[in-house]
Structures are given as structure tokens and as C-alpha cells.
$ cat input27.txt   # compact mmCIF, C-alpha atoms and all ligand atoms
# COMPACT_ATOMS: atom_id res chain seq x y z
CA MET A 1 85.41 104.86 148.98
CA THR A 2 87.30 102.56 146.64
CA THR A 3 88.85 99.33 147.89
CA THR A 4 92.42 99.27 146.60
CA GLY A 5 94.36 96.19 145.59
CA PRO A 6 96.14 94.74 142.57
CA TRP A 7 93.10 95.57 140.46
CA THR A 8 93.78 99.31 140.90
CA ARG A 9 97.20 98.80 139.30
CA ALA A 10 95.60 97.04 136.31
CA THR A 11 92.87 99.64 135.94
CA ALA A 12 95.29 102.54 136.20
CA ALA A 13 97.70 100.96 133.69
CA ALA A 14 94.86 100.72 131.17
CA GLY A 15 94.25 104.44 131.69
CA LEU A 16 90.88 103.90 133.33
CA MET A 17 91.46 105.40 136.79
CA ARG A 18 90.23 109.00 137.05
CA ASP A 19 90.72 110.70 140.45
CA GLY A 20 90.62 107.33 142.17
CA VAL A 21 87.42 106.28 140.40
CA PRO A 22 87.50 103.46 137.83
CA ARG A 23 85.85 103.90 134.45
CA PRO A 24 84.60 101.06 132.23
CA THR A 25 86.81 100.14 129.26
CA VAL A 26 86.60 102.34 126.21
CA PHE A 27 84.75 99.54 124.38
CA ALA A 28 82.08 99.24 127.06
CA ARG A 29 81.78 103.01 127.35
CA MET A 30 81.43 103.65 123.65
CA SER A 31 78.97 100.78 123.10
CA ALA A 32 76.86 102.24 125.92
CA ARG A 33 77.02 105.67 124.19
CA ALA A 34 75.78 104.04 120.99
CA LEU A 35 72.76 102.62 122.82
CA GLU A 36 72.11 105.82 124.75
CA HIS A 37 72.04 107.97 121.60
CA ASP A 38 70.73 105.31 119.25
CA ALA A 39 73.93 105.84 117.28
CA LEU A 40 75.55 103.51 114.75
CA ASN A 41 78.36 101.63 116.48
CA LEU A 42 81.63 101.72 114.56
CA GLY A 43 83.42 101.45 117.90
CA GLN A 44 83.69 98.07 119.60
CA GLY A 45 85.15 95.40 117.33
CA PHE A 46 82.39 92.85 116.99
CA PRO A 47 80.97 91.88 113.62
CA ASP A 48 77.39 92.11 112.39
CA ASP A 49 77.92 88.86 110.48
CA ALA A 50 76.49 85.48 111.45
CA PRO A 51 78.98 82.64 111.92
CA PRO A 52 79.41 80.14 109.04
CA ALA A 53 76.34 77.87 109.09
CA GLU A 54 78.29 74.67 109.75
CA VAL A 55 79.96 76.26 112.77
CA ALA A 56 76.66 77.44 114.27
CA GLU A 57 74.97 74.11 113.54
CA ALA A 58 77.82 72.17 115.16
CA ALA A 59 77.37 74.16 118.40
CA VAL A 60 73.62 73.56 118.43
CA ALA A 61 74.16 69.85 117.74
CA ALA A 62 76.75 69.63 120.55
CA ILE A 63 74.30 71.13 123.05
CA ARG A 64 71.57 68.74 121.93
CA GLN A 65 73.98 65.81 122.16
CA GLY A 66 74.57 66.69 125.80
CA ARG A 67 78.10 68.10 125.58
CA ASN A 68 77.24 70.53 128.35
CA GLN A 69 79.48 69.56 131.26
CA TYR A 70 83.11 70.45 132.03
CA PRO A 71 85.36 69.57 129.13
CA PRO A 72 88.99 68.64 129.85
CA GLY A 73 90.93 71.64 131.22
CA ALA A 74 93.34 71.61 128.28
CA GLY A 75 90.44 71.51 125.82
CA GLU A 76 88.49 68.82 123.96
CA ALA A 77 90.81 66.51 122.02
CA VAL A 78 88.87 67.18 118.80
CA LEU A 79 89.61 70.91 119.08
CA ARG A 80 93.25 70.49 120.08
CA GLU A 81 93.74 68.25 117.05
CA ALA A 82 91.97 70.75 114.79
CA ILE A 83 94.21 73.56 116.09
CA ALA A 84 97.34 71.50 115.44
CA ASP A 85 96.10 70.56 111.93
CA HIS A 86 95.25 74.18 111.17
CA GLN A 87 98.74 75.37 112.19
CA ALA A 88 100.32 72.63 110.07
CA GLN A 89 98.17 73.27 106.99
CA TRP A 90 98.28 77.04 106.96
CA TYR A 91 101.78 77.69 108.32
CA GLY A 92 103.77 74.45 108.25
CA LEU A 93 104.07 74.59 112.05
CA HIS A 94 103.89 71.22 113.78
CA TRP A 95 102.59 70.90 117.33
CA ASP A 96 101.69 67.88 119.43
CA PRO A 97 97.97 68.28 120.23
CA ALA A 98 98.43 66.49 123.57
CA SER A 99 101.26 68.56 125.01
CA GLU A 100 101.68 71.68 122.86
CA VAL A 101 98.12 72.99 122.48
CA LEU A 102 95.97 74.61 125.18
CA VAL A 103 92.39 75.80 124.69
CA SER A 104 91.47 79.01 126.55
CA THR A 105 88.48 81.20 127.26
CA GLY A 106 89.18 83.54 124.37
CA ALA A 107 92.52 85.08 123.53
CA THR A 108 91.88 87.31 126.53
CA GLU A 109 92.37 84.47 129.00
CA ALA A 110 95.29 83.09 127.00
CA LEU A 111 97.07 86.45 127.22
CA ALA A 112 96.30 86.89 130.90
CA ALA A 113 97.39 83.37 131.86
CA THR A 114 100.58 83.65 129.81
CA ILE A 115 101.67 86.97 131.28
CA LEU A 116 100.70 86.06 134.84
CA ALA A 117 102.52 82.72 134.51
CA LEU A 118 105.76 84.10 133.14
CA VAL A 119 106.32 87.70 134.25
CA GLU A 120 107.88 88.36 137.67
CA PRO A 121 107.67 91.80 139.31
CA GLY A 122 110.20 94.08 137.64
CA ASP A 123 110.44 92.03 134.43
CA GLU A 124 110.08 94.08 131.27
CA VAL A 125 107.44 93.34 128.64
CA ILE A 126 107.63 94.99 125.22
CA THR A 127 104.60 95.84 123.07
CA LEU A 128 103.93 98.22 120.24
CA GLU A 129 102.14 101.47 121.10
CA PRO A 130 99.22 101.89 120.45
CA PHE A 131 98.36 98.52 122.03
CA TYR A 132 95.25 96.49 122.85
CA ASP A 133 94.19 97.78 126.29
CA GLN A 134 94.37 94.43 128.04
CA TYR A 135 98.14 94.22 127.60
CA ALA A 136 98.90 97.16 129.89
CA ALA A 137 96.41 95.94 132.49
CA ILE A 138 97.79 92.41 132.77
CA ILE A 139 101.43 93.48 132.66
CA ALA A 140 100.65 95.77 135.60
CA LEU A 141 98.74 93.03 137.43
CA ALA A 142 101.84 90.84 137.15
CA GLY A 143 104.02 93.70 138.44
CA GLY A 144 105.85 93.87 135.12
CA VAL A 145 107.31 96.98 133.52
CA HIS A 146 105.71 97.92 130.20
CA ARG A 147 108.09 99.09 127.45
CA THR A 148 106.66 100.26 124.16
CA VAL A 149 107.77 100.69 120.56
CA PRO A 150 105.90 103.45 118.71
CA VAL A 151 103.88 102.86 115.58
CA THR A 152 104.88 105.85 113.44
CA SER A 153 102.63 107.72 111.02
CA ARG A 154 103.22 109.71 107.86
CA THR A 155 101.34 110.76 104.74
CA ASP A 156 101.75 108.83 101.51
CA GLU A 157 102.92 111.33 98.88
CA ASN A 158 100.82 109.88 96.10
CA SER A 159 97.53 108.96 97.74
CA GLY A 160 97.57 111.39 100.68
CA ASP A 161 96.63 108.42 102.88
CA LEU A 162 97.95 107.72 106.34
CA ILE A 163 100.81 105.22 106.43
CA LEU A 164 101.54 103.46 109.72
CA ASP A 165 104.80 101.67 110.35
CA VAL A 166 107.27 100.35 112.92
CA GLU A 167 111.00 101.07 112.74
CA GLU A 168 113.35 98.15 113.24
CA ASP A 169 115.83 100.31 115.17
CA ALA A 170 113.10 101.21 117.63
CA LEU A 171 112.26 97.53 118.08
CA ARG A 172 115.91 96.77 118.75
CA GLY A 173 116.20 99.66 121.19
CA ALA A 174 113.33 98.40 123.35
CA PHE A 175 115.19 95.28 124.51
CA SER A 176 117.30 95.23 127.65
CA GLU A 177 118.77 92.66 130.05
CA ARG A 178 115.45 92.86 131.94
CA THR A 179 113.27 91.92 128.95
CA ARG A 180 111.25 88.83 129.78
CA LEU A 181 108.60 88.91 127.07
CA VAL A 182 107.99 90.63 123.79
CA LEU A 183 104.29 90.66 122.97
CA VAL A 184 103.81 90.91 119.22
CA ASN A 185 100.35 91.71 117.87
CA THR A 186 100.15 91.14 114.14
CA PRO A 187 97.79 91.86 112.44
CA HIS A 188 97.61 94.74 114.87
CA ASN A 189 94.70 96.20 116.82
CA PRO A 190 93.99 99.16 116.55
CA THR A 191 95.83 99.87 113.25
CA GLY A 192 95.55 96.73 111.09
CA LEU A 193 99.31 96.93 110.60
CA MET A 194 101.04 93.65 109.69
CA LEU A 195 104.66 93.09 110.67
CA TRP A 196 106.85 91.67 107.92
CA VAL A 197 109.85 89.45 107.86
CA GLY A 198 112.42 92.21 108.60
CA ALA A 199 110.71 93.43 111.76
CA LEU A 200 109.77 89.93 112.85
CA GLN A 201 113.31 88.61 112.39
CA THR A 202 114.66 91.58 114.36
CA ILE A 203 112.33 90.61 117.21
CA VAL A 204 113.40 86.96 117.04
CA ASP A 205 117.10 87.88 116.98
CA GLU A 206 116.80 90.31 119.88
CA ALA A 207 114.67 87.88 121.88
CA ALA A 208 117.35 85.22 121.39
CA ARG A 209 120.14 87.65 122.34
CA HIS A 210 118.32 88.61 125.55
CA ASP A 211 116.92 85.15 126.22
CA ALA A 212 113.39 86.57 126.15
CA LEU A 213 110.18 84.80 125.24
CA ILE A 214 107.93 85.87 122.36
CA VAL A 215 104.16 86.01 122.80
CA THR A 216 102.19 86.59 119.64
CA ASP A 217 98.55 87.69 119.49
CA GLU A 218 97.23 86.59 116.10
CA VAL A 219 93.47 86.88 116.56
CA TYR A 220 93.14 88.64 113.17
CA GLU A 221 95.25 85.99 111.36
CA HIS A 222 92.60 85.21 108.74
CA LEU A 223 91.26 88.72 108.20
CA THR A 224 93.92 89.79 105.71
CA PHE A 225 93.30 91.75 102.51
CA GLY A 226 96.57 91.32 100.60
CA PRO A 227 99.48 89.14 101.59
CA ALA A 228 98.72 86.32 104.02
CA HIS A 229 99.55 86.53 107.71
CA LEU A 230 103.14 85.59 108.60
CA PRO A 231 103.32 83.95 112.06
CA ILE A 232 106.51 84.83 113.91
CA ALA A 233 106.84 81.20 115.04
CA THR A 234 107.66 80.24 111.43
CA LEU A 235 110.88 82.29 111.42
CA PRO A 236 114.20 80.51 111.92
CA GLY A 237 114.96 80.12 115.62
CA ALA A 238 111.53 81.31 116.75
CA GLN A 239 109.28 78.32 117.40
CA ASP A 240 110.94 77.13 120.61
CA ARG A 241 110.65 80.50 122.35
CA THR A 242 107.27 81.58 120.96
CA ILE A 243 103.85 81.32 122.58
CA SER A 244 101.29 81.80 119.79
CA ILE A 245 97.79 82.90 120.74
CA SER A 246 94.69 83.05 118.59
CA SER A 247 90.93 82.88 118.90
CA ALA A 248 87.76 81.83 117.11
CA GLY A 249 86.03 85.16 117.79
CA LYS A 250 87.15 87.11 114.74
CA THR A 251 87.73 84.28 112.27
CA PHE A 252 84.23 82.81 112.65
CA SER A 253 82.34 85.93 113.81
CA VAL A 254 81.68 84.46 117.26
CA THR A 255 83.21 87.02 119.63
CA GLY A 256 80.68 86.01 122.30
CA TRP A 257 81.78 82.36 122.38
CA LYS A 258 85.15 83.09 123.98
CA ILE A 259 87.14 80.18 122.63
CA GLY A 260 90.85 80.83 122.13
CA TRP A 261 94.02 78.77 122.08
CA ILE A 262 97.75 78.68 122.66
CA THR A 263 100.44 76.72 120.88
CA ALA A 264 103.91 76.48 122.45
CA ARG A 265 106.53 73.99 123.62
CA PRO A 266 105.36 71.60 126.39
CA GLU A 267 107.26 73.31 129.23
CA LEU A 268 105.64 76.64 128.34
CA ILE A 269 102.18 75.05 128.07
CA THR A 270 102.74 73.49 131.51
CA ALA A 271 103.64 76.89 132.98
CA ILE A 272 100.65 78.64 131.44
CA THR A 273 98.29 75.83 132.46
CA GLY A 274 99.50 76.46 136.00
CA VAL A 275 97.64 79.79 135.89
CA LYS A 276 94.88 79.02 133.39
CA GLN A 277 93.46 76.20 135.50
CA TRP A 278 92.88 78.60 138.41
CA LEU A 279 91.24 81.24 136.25
CA THR A 280 88.58 79.24 134.42
CA TYR A 281 89.71 75.60 134.63
CA SER A 282 88.01 74.88 131.29
CA SER A 283 86.19 76.67 128.48
CA GLY A 284 82.76 76.46 126.74
CA ALA A 285 82.17 72.71 126.09
CA PRO A 286 79.70 72.81 123.15
CA PHE A 287 81.61 75.57 121.36
CA GLN A 288 84.77 73.52 121.17
CA PRO A 289 83.63 70.93 118.60
CA ALA A 290 81.99 73.78 116.68
CA VAL A 291 85.25 75.72 116.47
CA ALA A 292 86.99 72.47 115.46
CA ALA A 293 84.51 72.22 112.56
CA GLY A 294 85.30 75.82 111.63
CA LEU A 295 89.06 75.30 111.61
CA ALA A 296 88.57 72.35 109.27
CA MET A 297 86.68 74.43 106.67
CA PRO A 298 88.37 74.58 103.26
CA ALA A 299 90.79 77.47 102.70
CA SER A 300 88.33 79.01 100.22
CA ALA A 301 85.81 79.60 103.03
CA PHE A 302 88.39 81.62 105.00
CA HIS A 303 89.32 83.58 101.86
CA ASP A 304 85.66 84.36 101.13
CA LEU A 305 85.18 85.80 104.63
CA ALA A 306 88.25 88.02 104.22
CA ALA A 307 87.23 89.12 100.72
CA ASP A 308 83.83 90.17 101.98
CA LEU A 309 85.41 92.16 104.82
CA ARG A 310 87.85 93.74 102.37
CA GLU A 311 84.95 95.18 100.39
CA ARG A 312 83.61 96.79 103.54
CA ARG A 313 87.09 98.16 104.34
CA ASP A 314 87.12 99.79 100.91
CA LEU A 315 83.61 101.15 101.35
CA LEU A 316 84.48 102.74 104.70
CA THR A 317 87.94 104.06 103.80
CA SER A 318 86.83 105.60 100.50
CA GLY A 319 83.78 107.14 102.16
CA LEU A 320 85.80 108.63 105.03
CA ARG A 321 88.39 109.93 102.56
CA GLU A 322 85.66 111.72 100.56
CA ILE A 323 84.33 113.33 103.73
CA GLY A 324 87.80 114.76 104.35
CA PHE A 325 89.44 112.42 106.84
CA ARG A 326 93.01 111.29 106.19
CA VAL A 327 92.61 107.52 106.31
CA SER A 328 94.77 104.45 106.61
CA VAL A 329 93.93 101.53 104.33
CA PRO A 330 94.78 98.61 106.61
CA GLU A 331 96.11 95.32 105.28
CA ALA A 332 94.16 93.33 107.85
CA GLY A 333 91.75 93.34 110.75
CA TYR A 334 88.55 95.17 111.59
CA PHE A 335 89.61 98.81 111.80
CA THR A 336 90.77 101.80 109.84
CA VAL A 337 92.50 104.77 111.46
CA ALA A 338 90.95 108.10 110.45
CA ASP A 339 92.71 111.40 111.11
CA ALA A 340 90.16 114.10 111.88
CA GLY A 341 92.84 116.82 111.79
CA PRO A 342 92.07 117.82 108.17
CA LEU A 343 88.45 118.44 109.24
CA GLY A 344 89.63 120.96 111.82
CA GLU A 345 89.21 118.48 114.69
CA PRO A 346 92.54 118.17 116.53
CA ASP A 347 91.21 116.24 119.56
CA ALA A 348 89.78 112.78 118.91
CA ASP A 349 88.87 112.31 122.59
CA ALA A 350 86.50 115.24 122.50
CA LEU A 351 85.31 114.38 119.00
CA SER A 352 84.43 110.78 119.91
CA GLU A 353 82.25 112.14 122.74
CA ARG A 354 80.47 114.53 120.37
CA LEU A 355 80.03 112.27 117.35
CA PRO A 356 77.30 110.01 118.85
CA VAL A 357 75.23 113.10 119.57
CA GLU A 358 76.11 115.27 116.57
CA ALA A 359 76.40 112.59 113.87
CA GLY A 360 74.77 109.52 115.42
CA VAL A 361 78.00 107.56 114.92
CA VAL A 362 80.34 106.00 117.47
CA ALA A 363 84.10 105.67 116.88
CA ILE A 364 86.94 105.15 119.34
CA PRO A 365 89.74 107.67 119.94
CA LEU A 366 93.12 106.11 119.26
CA SER A 367 94.33 107.61 122.56
CA ALA A 368 92.55 104.72 124.36
CA PHE A 369 95.38 102.50 123.11
CA TYR A 370 98.21 104.67 124.49
CA ARG A 371 99.71 104.88 127.95
CA ASP A 372 98.03 107.57 130.04
CA GLY A 373 95.77 108.23 127.05
CA ASP A 374 98.59 110.30 125.56
CA ALA A 375 98.44 109.67 121.82
CA GLY A 376 100.98 112.40 120.93
CA GLU A 377 100.94 112.93 117.16
CA ALA A 378 97.96 110.57 116.91
CA ARG A 379 95.70 112.71 119.12
CA ALA A 380 93.37 113.51 116.21
CA PHE A 381 93.07 109.87 115.15
CA LEU A 382 89.93 107.75 115.48
CA ARG A 383 89.66 103.97 115.19
CA VAL A 384 86.67 103.19 112.98
CA ALA A 385 85.35 99.62 112.59
CA PHE A 386 84.30 98.16 109.22
CA CYS A 387 83.28 94.72 110.54
CA LYS A 388 79.68 95.99 110.39
CA SER A 389 77.00 95.48 107.74
CA ARG A 390 77.21 97.41 104.47
CA ALA A 391 73.96 99.16 105.40
CA THR A 392 75.42 100.32 108.72
CA ILE A 393 78.61 101.57 107.05
CA GLU A 394 76.68 103.38 104.30
CA GLN A 395 74.30 104.99 106.77
CA SER A 396 77.25 106.02 109.01
CA LEU A 397 78.99 107.63 106.04
CA GLU A 398 75.86 109.54 105.11
CA GLN A 399 75.46 110.83 108.65
CA LEU A 400 79.15 111.77 108.91
CA GLU A 401 78.94 113.56 105.56
CA SER A 402 76.02 115.72 106.74
CA TRP A 403 77.78 116.32 110.04
CA ALA A 404 80.96 117.41 108.24
CA ALA A 405 78.94 119.69 105.94
CA ARG A 406 77.40 121.38 109.00
CA GLN A 407 80.90 122.00 110.44
CA ARG A 408 82.13 123.81 107.30
N1 LIG B 501 93.71 90.50 121.19
C1 LIG B 501 93.32 91.46 120.34
C2 LIG B 501 94.35 92.19 119.56
C3 LIG B 501 91.97 91.76 120.20
O1 LIG B 501 91.58 92.71 119.36
C4 LIG B 501 91.03 91.05 120.97
C5 LIG B 501 89.58 91.41 120.94
N2 LIG B 501 88.99 90.89 119.89
C6 LIG B 501 91.48 90.05 121.82
C7 LIG B 501 92.83 89.81 121.92
C8 LIG B 501 90.52 89.24 122.65
O2 LIG B 501 90.10 88.12 122.00
P1 LIG B 501 88.94 87.19 122.59
O3 LIG B 501 87.67 87.86 122.27
O4 LIG B 501 89.13 85.89 121.88
O5 LIG B 501 89.17 87.06 124.05
N1 LIG B 502 88.68 93.47 120.73
C1 LIG B 502 87.57 94.37 120.68
C2 LIG B 502 87.98 95.71 120.13
O1 LIG B 502 89.14 96.00 120.02
C3 LIG B 502 86.94 94.65 122.02
C4 LIG B 502 86.95 93.61 123.03
C5 LIG B 502 86.47 94.16 124.34
O2 LIG B 502 85.43 94.81 124.38
N2 LIG B 502 87.23 93.96 125.35
O3 LIG B 502 87.11 96.48 119.84

$ encode --input "input27.txt" --output "C-alpha cells"
Amino acid sequence: MTTTGPWTRATAAAGLMRDGVPRPTVFARMSARALEHDALNLGQGFPDDAPPAEVAEAAVAAIRQGRNQYPPGAGEAVLREAIADHQAQWYGLHWDPASEVLVSTGATEALAATILALVEPGDEVITLEPFYDQYAAIIALAGGVHRTVPVTSRTDENSGDLILDVEEDALRGAFSERTRLVLVNTPHNPTGLMLWVGALQTIVDEAARHDALIVTDEVYEHLTFGPAHLPIATLPGAQDRTISISSAGKTFSVTGWKIGWITARPELITAITGVKQWLTYSSGAPFQPAVAAGLAMPASAFHDLAADLRERRDLLTSGLREIGFRVSVPEAGYFTVADAGPLGEPDADALSERLPVEAGVVAIPLSAFYRDGDAGEARAFLRVAFCKSRATIEQSLEQLESWAARQR
């Protein structure tokens, strides 16, 4: 028998409740499948790369120096200052490290604390769809109502590639007098889509008109392959109502460290702290000075990391295209979207279950990022990660090629 409670609401909202029985998240499930079948894991978004040496060394040094007890709840001063400096240098955004910066246990805790602090039962929260699974779960835990704006897809006439987009009218249409928060994820997981000034300004204008707050999840901010990331807080009228969230996990290849942060006006930081301090109180002491060292790296180091990832994006997308998938070539992030429809595979849910066994490769069905797992026109789409080593990507492509040949 299952014990019910608020958790059942969260689990169901993330599409993980089947006949009253909870399933692990798609990431946990697919990583377990990879182990079970000794398959290459292009599913869960964690990199094969080591962190930059100075970041790793700083963590080791901090442990040896004895920085192993509770740090301040708001975060070590050295990290809060580094976060404020980073926002000023990269984006021209100025924050007071003492009152406008909060360190969290990954972006995950930052998102949870923010939504739980600010959303009352019945309040509406807007996200794109597909969306990172945690959003639906926490909105439901808070008793909020989840409204979504679809990411649309079409084929590029020249390249035949998959183009993903968001329509400004649809963004506008999602707001109502009940909108409390709009949760903007750019660069976007699972599609790598980046929102540009038109869409972002529409969100800012509508948020102002409805007196809603903006929460922005920017964990892929430095993993961009063309134009640089544009934080919504830099738009006119946005900074005062925006809670910006990011994390060290992706930028420095340390997803297991769980160090994230929030920048926002003091009254918003106070509200969010009012939840965060009861969730974890404080976050990973020795990792904080290490992440501070990472944020202070020269811009060229960030660009080198992105350029290296871009090469692996190109390797994966061109390989998948040759095999016969219709692919998106994302502008940012860890993932490409691959349409298996042209290979005669209309159901990515079923395909992602078969691929570990038949091809020795794990990918995630895009349906995992839709409400009730209903991906509609995207039901043949897989999310495929390129944050893995070249060898892993090349071997995966070889195995997928032989698999596809056997299907013909
Ligand atoms: N937001 C998005 C869009 C993500 O993809 C992830 C996972 N990497 C997170 C938040 C969670 O970040 P963290 O690992 O820092 O908790
Ligand atoms: N963010 C990672 C992804 O999208 C997964 C994080 C998790 O396992 N919760 O793959």
C-alpha cells in the first residue's frame, strides 16, 4: 500500500505515478537501463569531462584546510562575491553580495525554495512545454496550477533539420490575472532553445502587466555555441521582478557538487531564504571556494569549454542525420532532439526502451518532459546528450548505424 500525501501530487505531476505506484525519474530509470544492458548512456545530462584543474584543486585544498563544517546559510562570502562579480562582468547586472545573492544546493534547491516560497495554492505558474521535470513536481507540491506554452517544431526547408521555436502570441496568451510566476528556462532543457529579445521582452511586459514575478533557470548559460546567453534580468524593467537561478554543475562539469545560486532583490532573497533554510540550511562548504575560483576564470576558459562541447554537438548531430534521424542543431546546452519518425519509429517511448537492448545506446523520450507524458507531435522525438566523450559519441553512432541498417 502506498502512503499518500503531498509527495503523491508532486510525483503524479511529473508523470511518474502509474496505477498508484511511483516510478523513479526518467533520468534515474534510463541510467539504470544503461548499467543493466551495459549500454552507452546518452540519456542523463552529466558530462564525461573532468572539472577545470584549478576548480578541482581548490576543492581539495579547502577540504585539507579544514573548511568542512557548516558554512553560512546564505553561502560563503567569497562565493557570494564571486557570483556578484560574475553577473557584473558577463551581463552588466549589479547585485549586492550581502543581500541579493543566495547560495543553494544546486539549481534544484533554488527552484524548489523559490516556488515553495512564492506560490500559494491556486496561483498559476507558466513554463514552456516540454519542461524540466522538476518544475511540474514543485509547482504541484506548492498547490500551484501549471500553465504551459508549447515549443513548436517544423522542418527547415533548406537543411531538412528540425527547427524548434516559441511563438510570442502563445507566450502572451498564457498570462492571466492568476499568474504568479513565469519560469523561463533559457538555454532550454530538453531542446537547447535560446529565447531572444522579442520573446523575453514579451515575457517581461506581460509579467509587469499582471504583476507577476519572473524566475529564470540559466544553468546552461555558458554552454552556448553561437550568440551568447541573454539573461532576462538585463531587459528594461526586468531586474526588480526577476529571480535568476544558475548552478556550477554544467559550467564546471561538477553536477555531483550541487552548488547553485540565486540573484534577486533583497525582499525576494529574504522570502526564498525563509524556505531554503528549512530544506538544507547550508550547502557544501569546501565546494563553495572552489566554485568561486571557477567563476573568476578568464572568459577564454569558459569559451574553450563551450567550443569543445560544440564540436561534440556537431559530431552527434551530423552522425544522427546520416543515420536518418531528423535532428535539431541546438544553439546551447547538452542535448539534441532527434526525430525517429523518418526511420519508421513513431513512438519514442517504446523506442527508448528498445534501444539499450537492440543498439546498446540509451536516449530519453521527449515525452518525459510533457504533462501526462503526452508529447503530441513530438511523440517520435528523443533527447540525445552530447556532453559525453568523443569516443562514447562515436561508438554510439556506430552502434545506432548498425541498428538502423538491421531495421531496413
Ligand atoms: N534546471 C535545468 C534546466 C537542468 O537541466 C538541471 C539539471 N542539470 C537543473 C536545473 C538542476 O541543476 P543542479 O544539478 O544544479 O541542481
Ligand atoms: N539535468 C539532468 C538532465 O536533464 C538530470 C538531472 C537529474 O537526474 N535530476 O538530464

$ residues_near_ligand --input "input27.txt" --ligand "ligand LIG 501 (chain B)" --cutoff "6 Å" --atoms "all atoms listed in the file" --output "ChimeraX atom specification"
/A:106-108,132,189,217,219,247,249,255,258,260

$ residues_near_ligand --input "input27.txt" --ligand "ligand LIG 502 (chain B)" --cutoff "9 Å" --atoms "all atoms listed in the file" --output "PyMOL selection string"
chain A and resi 25-28+31+43-46+108+132-134+189-190+250+255+334-335+364+385

$ atom_distance --input "input27.txt" --atom1 "atom CA of Leu366 of chain A" --atom2 "atom CA of Phe381 of chain A"
5.6 Å

$ closest_residue --input "input27.txt" --among "A:Val21, A:Val384, A:Ala32, A:Ala375" --to "Thr317 of chain A" --atoms "all atoms listed in the file"
A:Val384

$ residues_near_point --input "input27.txt" --point "(105.0, 108.6, 106.2)" --cutoff "12 Å" --atoms "all atoms listed in the file" --output "tab-separated table (two decimals) with C-alpha atoms, in the coordinates of the input"
chain	number	residue	atom	x	y	z
A	151	VAL	CA	103.88	102.86	115.58
A	152	THR	CA	104.88	105.85	113.44
A	153	SER	CA	102.63	107.72	111.02
A	154	ARG	CA	103.22	109.71	107.86
A	155	THR	CA	101.34	110.76	104.74
A	156	ASP	CA	101.75	108.83	101.51
A	157	GLU	CA	102.92	111.33	98.88
A	158	ASN	CA	100.82	109.88	96.10
A	159	SER	CA	97.53	108.96	97.74
A	160	GLY	CA	97.57	111.39	100.68
A	161	ASP	CA	96.63	108.42	102.88
A	162	LEU	CA	97.95	107.72	106.34
A	163	ILE	CA	100.81	105.22	106.43
A	164	LEU	CA	101.54	103.46	109.72
A	165	ASP	CA	104.80	101.67	110.35
A	166	VAL	CA	107.27	100.35	112.92
A	167	GLU	CA	111.00	101.07	112.74
A	328	SER	CA	94.77	104.45	106.61

$ residues_around --input "input27.txt" --residues "Gly333 of chain A" --least-positions-apart "4" --cutoff "6 Å" --atoms "all atoms listed in the file" --output "ChimeraX atom specification"
/A:192,220,223

$ write_last_selection --input "input27.txt" --atoms "C-alpha atoms" --output "PDB file, in the coordinates of the input"
ATOM      1  CA  GLY A 192      95.550  96.730 111.090  1.00  0.00           C
ATOM      2  CA  TYR A 220      93.140  88.640 113.170  1.00  0.00           C
ATOM      3  CA  LEU A 223      91.260  88.720 108.200  1.00  0.00           C
TER       4      LEU A 223
END

$ closest_atom_pairs --input "input27.txt" --of "segment 54-127 of chain A" --to "segment 279-300 of chain A" --cutoff "6 Å" --atoms "all atoms listed in the file" --output "JSON lines"
{"residue": "A:Val55", "atom": "CA", "partner": "A:Ala290", "partner_atom": "CA", "distance": 5.1}
{"residue": "A:Ala58", "atom": "CA", "partner": "A:Ala290", "partner_atom": "CA", "distance": 4.7}
{"residue": "A:Ala59", "atom": "CA", "partner": "A:Ala290", "partner_atom": "CA", "distance": 4.9}
{"residue": "A:Ala62", "atom": "CA", "partner": "A:Pro286", "partner_atom": "CA", "distance": 5.1}
{"residue": "A:Ile63", "atom": "CA", "partner": "A:Pro286", "partner_atom": "CA", "distance": 5.7}
{"residue": "A:Arg67", "atom": "CA", "partner": "A:Pro286", "partner_atom": "CA", "distance": 5.5}
{"residue": "A:Asn68", "atom": "CA", "partner": "A:Ala285", "partner_atom": "CA", "distance": 5.8}
{"residue": "A:Pro71", "atom": "CA", "partner": "A:Ala285", "partner_atom": "CA", "distance": 5.4}
{"residue": "A:Gly73", "atom": "CA", "partner": "A:Ser282", "partner_atom": "CA", "distance": 4.4}
{"residue": "A:Leu79", "atom": "CA", "partner": "A:Ala292", "partner_atom": "CA", "distance": 4.7}
{"residue": "A:Ala82", "atom": "CA", "partner": "A:Ala292", "partner_atom": "CA", "distance": 5.3}
{"residue": "A:Thr105", "atom": "CA", "partner": "A:Ser283", "partner_atom": "CA", "distance": 5.2}

$ closest_residue --input "input27.txt" --among "A:Val215, A:Ala136, A:Ala34, A:Ile259" --to "Ser244 of chain A" --atoms "only C-alpha atoms"
A:Val215

$ atom_distance --input "input27.txt" --atom1 "atom CA of Leu102 of chain A" --atom2 "atom CA of Thr186 of chain A"
20.3 Å

$ closest_atom_pairs --input "input27.txt" --of "segment 254-372 of chain A" --to "segment 225-239 of chain A" --cutoff "7 Å" --atoms "all atoms listed in the file" --output "CSV"
residue,atom,partner,partner_atom,distance
A:Ala306,CA,A:Phe225,CA,6.5
A:Ala307,CA,A:Phe225,CA,6.9
A:Arg310,CA,A:Phe225,CA,5.8
A:Glu331,CA,A:Phe225,CA,5.3
A:Ala332,CA,A:Phe225,CA,5.6

$ residues_around --input "input27.txt" --residues "Leu315 of chain A" --least-positions-apart "3" --cutoff "10 Å" --atoms "all atoms listed in the file" --output "ChimeraX atom specification"
/A:309-312,318-320,386,390,393-394,397

$ closest_residue --input "input27.txt" --among "A:Arg241, A:His303, A:Arg321, A:Arg178" --to "Ile203 of chain A" --atoms "only C-alpha atoms"
A:Arg241

$ residues_near_point --input "input27.txt" --point "(99.3, 72.7, 119.3)" --cutoff "8 Å" --atoms "all atoms listed in the file" --output "count of residues only"
17

$ axis_aligned_box --input "input27.txt" --around "segment 88-107 of chain A" --padding-each-side "8 Å" --output "JSON"
{"center_x": 96.3, "center_y": 75.8, "center_z": 117.1, "size_x": 31.6, "size_y": 34.6, "size_z": 36.3}

$ residues_around --input "input27.txt" --residues "segment 110-122 of chain A" --least-positions-apart "2" --cutoff "10 Å" --atoms "only C-alpha atoms" --output "NGL selection string"
:A and (102-108 or 124-125 or 134-135 or 137-146 or 178-181 or 183 or 213 or 215-217 or 243-247 or 259-262 or 268-279)

$ residues_around --input "input27.txt" --residues "Thr2 of chain A" --least-positions-apart "3" --cutoff "12 Å" --atoms "only C-alpha atoms" --output "PyMOL selection string"
chain A and resi 5+7-8+17-22
